[in-house]
file model.txt (compact mmCIF, N, CA and C atoms)
# COMPACT_ATOMS: atom_id res chain seq x y z
N MET A 21 56.23 -1.54 -113.92
CA MET A 21 57.24 -0.82 -113.18
C MET A 21 57.89 0.27 -114.03
N PHE A 22 58.17 0.01 -115.28
CA PHE A 22 58.78 1.02 -116.13
C PHE A 22 57.71 1.81 -116.86
N SER A 23 58.06 3.03 -117.21
CA SER A 23 57.16 3.90 -117.94
C SER A 23 56.79 3.29 -119.29
N ALA A 24 55.57 3.53 -119.69
CA ALA A 24 55.10 3.02 -120.98
C ALA A 24 55.91 3.62 -122.13
N ARG A 25 56.48 4.79 -121.94
CA ARG A 25 57.25 5.43 -123.01
C ARG A 25 58.68 4.91 -123.12
N MET A 26 59.08 4.02 -122.20
CA MET A 26 60.42 3.47 -122.24
C MET A 26 60.43 2.21 -123.10
N THR A 27 61.34 2.16 -124.04
CA THR A 27 61.42 1.01 -124.94
C THR A 27 62.03 -0.20 -124.22
N PRO A 28 61.74 -1.40 -124.69
CA PRO A 28 62.37 -2.59 -124.10
C PRO A 28 63.90 -2.53 -124.17
N GLU A 29 64.43 -1.95 -125.25
CA GLU A 29 65.88 -1.83 -125.38
C GLU A 29 66.46 -0.93 -124.29
N ARG A 30 65.79 0.18 -124.04
CA ARG A 30 66.23 1.12 -123.00
C ARG A 30 66.17 0.45 -121.62
N LYS A 31 65.10 -0.29 -121.37
CA LYS A 31 64.97 -1.01 -120.10
C LYS A 31 66.13 -1.97 -119.91
N ALA A 32 66.47 -2.71 -120.97
CA ALA A 32 67.56 -3.68 -120.90
C ALA A 32 68.89 -2.99 -120.62
N ILE A 33 69.14 -1.88 -121.28
CA ILE A 33 70.38 -1.14 -121.08
C ILE A 33 70.47 -0.63 -119.64
N LEU A 34 69.38 -0.04 -119.14
CA LEU A 34 69.38 0.47 -117.77
C LEU A 34 69.58 -0.64 -116.76
N ASN A 35 68.88 -1.77 -116.95
CA ASN A 35 69.02 -2.91 -116.04
C ASN A 35 70.44 -3.46 -116.04
N ARG A 36 71.01 -3.63 -117.22
CA ARG A 36 72.36 -4.16 -117.33
C ARG A 36 73.37 -3.22 -116.68
N SER A 37 73.24 -1.94 -116.96
CA SER A 37 74.15 -0.95 -116.42
C SER A 37 74.07 -0.90 -114.89
N LEU A 38 72.87 -0.93 -114.35
CA LEU A 38 72.72 -0.87 -112.90
C LEU A 38 73.23 -2.16 -112.25
N SER A 39 72.96 -3.29 -112.85
CA SER A 39 73.47 -4.56 -112.31
C SER A 39 74.99 -4.57 -112.25
N GLU A 40 75.62 -4.06 -113.31
CA GLU A 40 77.09 -3.98 -113.33
C GLU A 40 77.60 -3.03 -112.25
N ALA A 41 76.92 -1.90 -112.10
CA ALA A 41 77.33 -0.92 -111.08
C ALA A 41 77.17 -1.49 -109.68
N ILE A 42 76.08 -2.21 -109.43
CA ILE A 42 75.85 -2.82 -108.11
C ILE A 42 76.90 -3.88 -107.83
N SER A 43 77.34 -4.62 -108.85
CA SER A 43 78.38 -5.63 -108.62
C SER A 43 79.70 -4.98 -108.20
N GLN A 44 79.95 -3.75 -108.66
CA GLN A 44 81.17 -3.01 -108.28
C GLN A 44 80.99 -2.24 -106.97
N GLN A 45 79.74 -1.85 -106.69
CA GLN A 45 79.46 -1.03 -105.52
C GLN A 45 78.12 -1.48 -104.93
N PRO A 46 78.13 -2.53 -104.11
CA PRO A 46 76.89 -3.14 -103.62
C PRO A 46 75.94 -2.18 -102.89
N GLU A 47 76.47 -1.13 -102.27
CA GLU A 47 75.58 -0.21 -101.54
C GLU A 47 74.62 0.54 -102.46
N LEU A 48 74.85 0.50 -103.78
CA LEU A 48 73.89 1.09 -104.72
C LEU A 48 72.53 0.40 -104.65
N GLU A 49 72.53 -0.88 -104.28
CA GLU A 49 71.26 -1.61 -104.14
C GLU A 49 70.40 -0.96 -103.05
N ARG A 50 71.01 -0.61 -101.93
CA ARG A 50 70.29 0.06 -100.83
C ARG A 50 69.83 1.45 -101.25
N LEU A 51 70.69 2.19 -101.96
CA LEU A 51 70.31 3.51 -102.43
C LEU A 51 69.11 3.40 -103.37
N LYS A 52 69.14 2.42 -104.25
CA LYS A 52 68.03 2.19 -105.17
C LYS A 52 66.73 1.95 -104.39
N GLU A 53 66.78 1.09 -103.38
CA GLU A 53 65.59 0.79 -102.57
C GLU A 53 65.05 2.06 -101.91
N LEU A 54 65.93 2.84 -101.30
CA LEU A 54 65.49 4.06 -100.63
C LEU A 54 64.85 5.05 -101.60
N LEU A 55 65.51 5.27 -102.73
CA LEU A 55 64.99 6.25 -103.70
C LEU A 55 63.66 5.80 -104.29
N LEU A 56 63.57 4.52 -104.68
CA LEU A 56 62.32 4.05 -105.29
C LEU A 56 61.17 4.03 -104.30
N ASN A 57 61.46 3.93 -103.00
CA ASN A 57 60.40 4.05 -101.99
C ASN A 57 59.85 5.47 -101.94
N LEU A 58 60.64 6.44 -102.39
CA LEU A 58 60.19 7.84 -102.44
C LEU A 58 59.39 8.13 -103.70
N GLY A 59 59.58 7.31 -104.74
CA GLY A 59 58.90 7.53 -106.01
C GLY A 59 59.81 7.19 -107.17
N GLY A 60 59.30 7.37 -108.34
CA GLY A 60 60.08 7.10 -109.53
C GLY A 60 60.06 5.62 -109.88
N GLU A 61 60.75 5.31 -110.98
CA GLU A 61 60.72 3.96 -111.52
C GLU A 61 62.06 3.27 -111.57
N PHE A 62 63.16 4.04 -111.59
CA PHE A 62 64.45 3.40 -111.79
C PHE A 62 65.57 4.33 -111.36
N LEU A 63 66.66 3.75 -110.85
CA LEU A 63 67.88 4.47 -110.55
C LEU A 63 68.84 4.28 -111.71
N VAL A 64 69.26 5.36 -112.33
CA VAL A 64 70.24 5.29 -113.40
C VAL A 64 71.61 5.10 -112.76
N ALA A 65 72.36 4.11 -113.22
CA ALA A 65 73.67 3.80 -112.65
C ALA A 65 74.63 4.97 -112.86
N PRO A 66 75.43 5.26 -111.84
CA PRO A 66 76.45 6.30 -112.04
C PRO A 66 77.49 5.79 -113.04
N PRO A 67 78.16 6.69 -113.76
CA PRO A 67 79.12 6.26 -114.77
C PRO A 67 80.35 5.54 -114.20
N LYS A 68 80.62 5.75 -112.93
CA LYS A 68 81.73 5.08 -112.25
C LYS A 68 81.34 4.98 -110.77
N PRO A 69 82.03 4.15 -109.98
CA PRO A 69 81.68 4.07 -108.56
C PRO A 69 81.63 5.46 -107.92
N ASP A 70 80.60 5.68 -107.16
CA ASP A 70 80.34 6.98 -106.55
C ASP A 70 80.75 6.95 -105.08
N GLN A 71 81.81 7.65 -104.75
CA GLN A 71 82.32 7.68 -103.39
C GLN A 71 81.34 8.33 -102.41
N GLY A 72 80.38 9.07 -102.92
CA GLY A 72 79.41 9.75 -102.06
C GLY A 72 78.27 8.87 -101.58
N VAL A 73 78.08 7.69 -102.18
CA VAL A 73 76.93 6.84 -101.83
C VAL A 73 76.90 6.48 -100.35
N PRO A 74 77.99 6.02 -99.74
CA PRO A 74 77.92 5.71 -98.31
C PRO A 74 77.47 6.92 -97.47
N MET A 75 77.95 8.11 -97.81
CA MET A 75 77.55 9.31 -97.08
C MET A 75 76.07 9.60 -97.29
N PHE A 76 75.60 9.45 -98.54
CA PHE A 76 74.17 9.69 -98.81
C PHE A 76 73.31 8.73 -98.00
N LEU A 77 73.74 7.47 -97.92
CA LEU A 77 72.98 6.47 -97.17
C LEU A 77 72.96 6.79 -95.68
N GLU A 78 74.04 7.33 -95.18
CA GLU A 78 74.13 7.62 -93.74
C GLU A 78 73.49 8.96 -93.37
N ARG A 79 73.72 9.99 -94.20
CA ARG A 79 73.30 11.34 -93.81
C ARG A 79 72.42 12.05 -94.82
N GLY A 80 72.07 11.38 -95.90
CA GLY A 80 71.27 12.03 -96.93
C GLY A 80 69.87 12.36 -96.44
N PHE A 81 69.24 13.31 -97.09
CA PHE A 81 67.87 13.68 -96.73
C PHE A 81 67.15 14.18 -97.98
N LEU A 82 65.85 14.13 -97.91
CA LEU A 82 64.99 14.54 -99.01
C LEU A 82 64.84 16.05 -98.99
N MET A 83 65.03 16.67 -100.14
CA MET A 83 64.83 18.10 -100.28
C MET A 83 63.64 18.33 -101.20
N SER A 84 62.82 19.26 -100.84
CA SER A 84 61.71 19.63 -101.72
C SER A 84 61.54 21.14 -101.63
N GLY A 85 60.89 21.69 -102.59
CA GLY A 85 60.67 23.13 -102.60
C GLY A 85 60.40 23.63 -104.00
N ARG A 86 60.25 24.91 -104.10
CA ARG A 86 60.00 25.54 -105.40
C ARG A 86 61.22 25.38 -106.28
N ILE A 87 61.00 25.07 -107.55
CA ILE A 87 62.08 24.84 -108.51
C ILE A 87 62.08 25.94 -109.56
N MET A 88 63.25 26.48 -109.85
CA MET A 88 63.43 27.43 -110.93
C MET A 88 64.35 26.77 -111.95
N LEU A 89 63.96 26.71 -113.19
CA LEU A 89 64.74 26.05 -114.23
C LEU A 89 65.73 27.02 -114.86
N ASN A 90 66.99 26.60 -114.94
CA ASN A 90 68.04 27.36 -115.62
C ASN A 90 68.60 26.49 -116.74
N VAL A 91 68.54 26.96 -117.97
CA VAL A 91 69.09 26.21 -119.10
C VAL A 91 70.55 26.63 -119.26
N MET A 92 71.45 25.63 -119.16
CA MET A 92 72.88 25.91 -119.18
C MET A 92 73.60 24.88 -120.04
N GLU A 93 74.92 24.87 -119.96
CA GLU A 93 75.74 23.99 -120.78
C GLU A 93 75.47 22.51 -120.47
N SER A 94 75.36 21.72 -121.51
CA SER A 94 75.07 20.29 -121.41
C SER A 94 76.19 19.54 -120.70
N SER A 95 75.81 18.56 -119.87
CA SER A 95 76.74 17.65 -119.19
C SER A 95 77.81 18.37 -118.38
N SER A 96 77.47 19.50 -117.81
CA SER A 96 78.43 20.28 -117.02
C SER A 96 77.80 20.79 -115.74
N ARG A 97 76.99 19.95 -115.09
CA ARG A 97 76.22 20.46 -113.96
C ARG A 97 77.08 21.00 -112.83
N HIS A 98 78.21 20.34 -112.51
CA HIS A 98 79.06 20.85 -111.44
C HIS A 98 79.65 22.21 -111.82
N ARG A 99 80.15 22.32 -113.03
CA ARG A 99 80.72 23.57 -113.51
C ARG A 99 79.64 24.66 -113.60
N ASN A 100 78.45 24.29 -114.04
CA ASN A 100 77.36 25.26 -114.15
C ASN A 100 77.00 25.84 -112.78
N VAL A 101 76.86 24.97 -111.78
CA VAL A 101 76.52 25.44 -110.43
C VAL A 101 77.65 26.29 -109.87
N ALA A 102 78.90 25.87 -110.09
CA ALA A 102 80.03 26.66 -109.60
C ALA A 102 80.04 28.05 -110.21
N SER A 103 79.70 28.16 -111.49
CA SER A 103 79.71 29.49 -112.13
C SER A 103 78.62 30.38 -111.55
N ILE A 104 77.48 29.80 -111.20
CA ILE A 104 76.40 30.57 -110.56
C ILE A 104 76.85 31.02 -109.17
N TRP A 105 77.53 30.12 -108.44
CA TRP A 105 78.03 30.44 -107.10
C TRP A 105 79.02 31.60 -107.17
N ILE A 106 79.96 31.51 -108.10
CA ILE A 106 81.00 32.55 -108.22
C ILE A 106 80.37 33.90 -108.58
N ARG A 107 79.37 33.89 -109.47
CA ARG A 107 78.73 35.14 -109.90
C ARG A 107 77.67 35.62 -108.90
N LYS A 108 77.39 34.79 -107.88
CA LYS A 108 76.40 35.13 -106.85
C LYS A 108 75.03 35.44 -107.46
N GLU A 109 74.64 34.60 -108.41
CA GLU A 109 73.37 34.80 -109.09
C GLU A 109 72.23 34.08 -108.37
N TYR A 110 71.02 34.52 -108.61
CA TYR A 110 69.78 33.87 -108.18
C TYR A 110 69.65 33.75 -106.66
N GLY A 111 70.42 34.48 -105.89
CA GLY A 111 70.33 34.39 -104.45
C GLY A 111 70.81 33.06 -103.90
N ILE A 112 71.77 32.44 -104.58
CA ILE A 112 72.28 31.13 -104.18
C ILE A 112 72.89 31.21 -102.77
N VAL A 113 72.53 30.24 -101.92
CA VAL A 113 73.06 30.18 -100.57
C VAL A 113 73.79 28.87 -100.30
N GLY A 114 73.74 27.92 -101.25
CA GLY A 114 74.42 26.65 -101.06
C GLY A 114 74.39 25.81 -102.32
N ILE A 115 75.21 24.77 -102.33
CA ILE A 115 75.28 23.83 -103.45
C ILE A 115 75.00 22.44 -102.90
N ALA A 116 74.17 21.69 -103.60
CA ALA A 116 73.82 20.33 -103.18
C ALA A 116 74.13 19.35 -104.31
N THR A 117 74.43 18.14 -103.93
CA THR A 117 74.65 17.08 -104.90
C THR A 117 73.99 15.81 -104.38
N GLY A 118 73.55 15.00 -105.28
CA GLY A 118 72.88 13.76 -104.90
C GLY A 118 72.17 13.18 -106.10
N ASP A 119 70.99 12.66 -105.88
CA ASP A 119 70.18 12.11 -106.97
C ASP A 119 68.89 12.91 -107.05
N ALA A 120 68.45 13.16 -108.26
CA ALA A 120 67.22 13.91 -108.48
C ALA A 120 66.28 13.07 -109.33
N LEU A 121 65.01 13.14 -109.02
CA LEU A 121 63.99 12.43 -109.77
C LEU A 121 63.54 13.28 -110.94
N SER A 122 63.71 12.76 -112.14
CA SER A 122 63.33 13.48 -113.36
C SER A 122 61.88 13.19 -113.72
N ASP A 123 61.35 13.99 -114.61
CA ASP A 123 59.96 13.81 -115.06
C ASP A 123 59.71 12.45 -115.70
N ASP A 124 60.75 11.81 -116.20
CA ASP A 124 60.61 10.50 -116.85
C ASP A 124 60.62 9.34 -115.84
N GLY A 125 60.66 9.67 -114.54
CA GLY A 125 60.63 8.63 -113.52
C GLY A 125 61.98 8.03 -113.18
N LEU A 126 63.06 8.62 -113.71
CA LEU A 126 64.41 8.10 -113.48
C LEU A 126 65.15 8.96 -112.46
N TRP A 127 65.78 8.30 -111.50
CA TRP A 127 66.66 8.97 -110.55
C TRP A 127 68.04 9.05 -111.20
N ARG A 128 68.61 10.26 -111.24
CA ARG A 128 69.92 10.48 -111.84
C ARG A 128 70.78 11.31 -110.90
N GLN A 129 72.11 11.11 -110.99
CA GLN A 129 73.02 11.98 -110.26
C GLN A 129 72.78 13.41 -110.72
N HIS A 130 72.84 14.33 -109.76
CA HIS A 130 72.53 15.71 -110.10
C HIS A 130 73.23 16.65 -109.11
N THR A 131 73.45 17.85 -109.53
CA THR A 131 73.95 18.92 -108.68
C THR A 131 73.04 20.12 -108.89
N TRP A 132 72.71 20.81 -107.82
CA TRP A 132 71.82 21.95 -107.94
C TRP A 132 72.20 22.99 -106.90
N GLU A 133 71.69 24.19 -107.10
CA GLU A 133 71.96 25.23 -106.13
C GLU A 133 70.72 25.44 -105.26
N SER A 134 70.97 25.76 -104.03
CA SER A 134 69.92 26.07 -103.08
C SER A 134 69.86 27.58 -102.95
N CYS A 135 68.67 28.11 -103.11
CA CYS A 135 68.48 29.55 -103.03
C CYS A 135 67.55 29.87 -101.87
N ALA A 136 67.55 31.11 -101.46
CA ALA A 136 66.69 31.52 -100.36
C ALA A 136 65.22 31.28 -100.69
N THR A 137 64.88 31.27 -101.98
CA THR A 137 63.49 31.11 -102.39
C THR A 137 63.15 29.72 -102.89
N GLY A 138 64.09 28.80 -102.87
CA GLY A 138 63.83 27.44 -103.36
C GLY A 138 65.09 26.85 -103.97
N PHE A 139 64.91 25.97 -104.94
CA PHE A 139 66.02 25.29 -105.59
C PHE A 139 66.02 25.61 -107.07
N SER A 140 67.17 25.53 -107.65
CA SER A 140 67.31 25.78 -109.09
C SER A 140 67.71 24.47 -109.76
N LYS A 141 66.96 24.07 -110.76
CA LYS A 141 67.28 22.85 -111.50
C LYS A 141 67.98 23.26 -112.79
N LEU A 142 69.13 22.68 -113.02
CA LEU A 142 69.88 22.98 -114.24
C LEU A 142 69.49 22.01 -115.33
N ARG A 143 69.24 22.52 -116.48
CA ARG A 143 68.89 21.68 -117.63
C ARG A 143 69.81 22.04 -118.76
N ARG A 144 70.21 21.03 -119.50
CA ARG A 144 71.15 21.30 -120.59
C ARG A 144 70.45 21.99 -121.77
N ARG A 145 71.27 22.70 -122.52
CA ARG A 145 70.75 23.36 -123.72
C ARG A 145 70.60 22.32 -124.82
N GLY A 146 69.65 22.58 -125.71
CA GLY A 146 69.53 21.73 -126.87
C GLY A 146 68.53 20.64 -126.77

call {"tool": "encode", "arguments": {"input": "model.txt", "output": "structure tokens"}}
result
Amino acid sequence: MFSARMTPERKAILNRSLSEAISQQPELERLKELLLNLGGEFLVAPPKPDQGVPMFLERGFLMSGRIMLNVMESSSRHRNVASIWIRKEYGIVGIATGDALSDDGLWRQHTWESCATGFSKLRRRG
């Protein structure tokens, strides 16, 4: 189930963190099931209860399309997207938030901009 490149220690940390998050917010279990049915190997627990999960479960949808990578400030995805919106860069037409599947098979909370030509994925510098 887990990637061969993931260490047993990392697996244990992810499992423990997600179990704790599910005990605080049981609907994360359903989100995990839905996301893993789409692909990937694991849902990374949010750092605190996520008020958006019930909405995602009720009205969320899968987005796909061409991706353009923008390297920006680390751990500032909301601020990074807002700065692109304010500057009207890259033909941005909307802002989305939810979970994104990374190349390592992990679903993580993410924010991205929607452009007329596709989506922009923000990646931290460094």

call {"tool": "closest_residue", "arguments": {"input": "model.txt", "among": "A:Ala116, A:Ile104, A:Lys31, A:Ser37", "to": "Ser134 of chain A", "atoms": "only N, CA and C atoms"}}
result
A:Ala116

call {"tool": "atom_distance", "arguments": {"input": "model.txt", "atom1": "atom N of Thr131 of chain A", "atom2": "atom N of Thr27 of chain A"}}
result
24.6 Å

call {"tool": "closest_residue", "arguments": {"input": "model.txt", "among": "A:Leu34, A:Trp132, A:Phe62, A:Arg86", "to": "Gly118 of chain A", "atoms": "only N, CA and C atoms"}}
result
A:Trp132

call {"tool": "atom_distance", "arguments": {"input": "model.txt", "atom1": "atom N of Arg128 of chain A", "atom2": "atom C of Ala65 of chain A"}}
result
8.2 Å

call {"tool": "select_by_dssp", "arguments": {"input": "model.txt", "residues": "chain A", "states": "strand (DSSP E)", "output": "MDAnalysis selection string"}}
result
chainID A and resid 62:63 87:92 112:121 126:135 138:144

call {"tool": "select_by_dssp", "arguments": {"input": "model.txt", "residues": "segment 43-131 of chain A", "states": "helix (DSSP H, G or I)", "output": "count of residues only"}}
result
32

call {"tool": "closest_residue", "arguments": {"input": "model.txt", "among": "A:Lys108, A:Pro66, A:Phe76, A:Met92", "to": "Leu38 of chain A", "atoms": "all atoms listed in the file"}}
result
A:Pro66

call {"tool": "atom_distance", "arguments": {"input": "model.txt", "atom1": "atom CA of Glu49 of chain A", "atom2": "atom CA of Arg97 of chain A"}}
result
24.7 Å
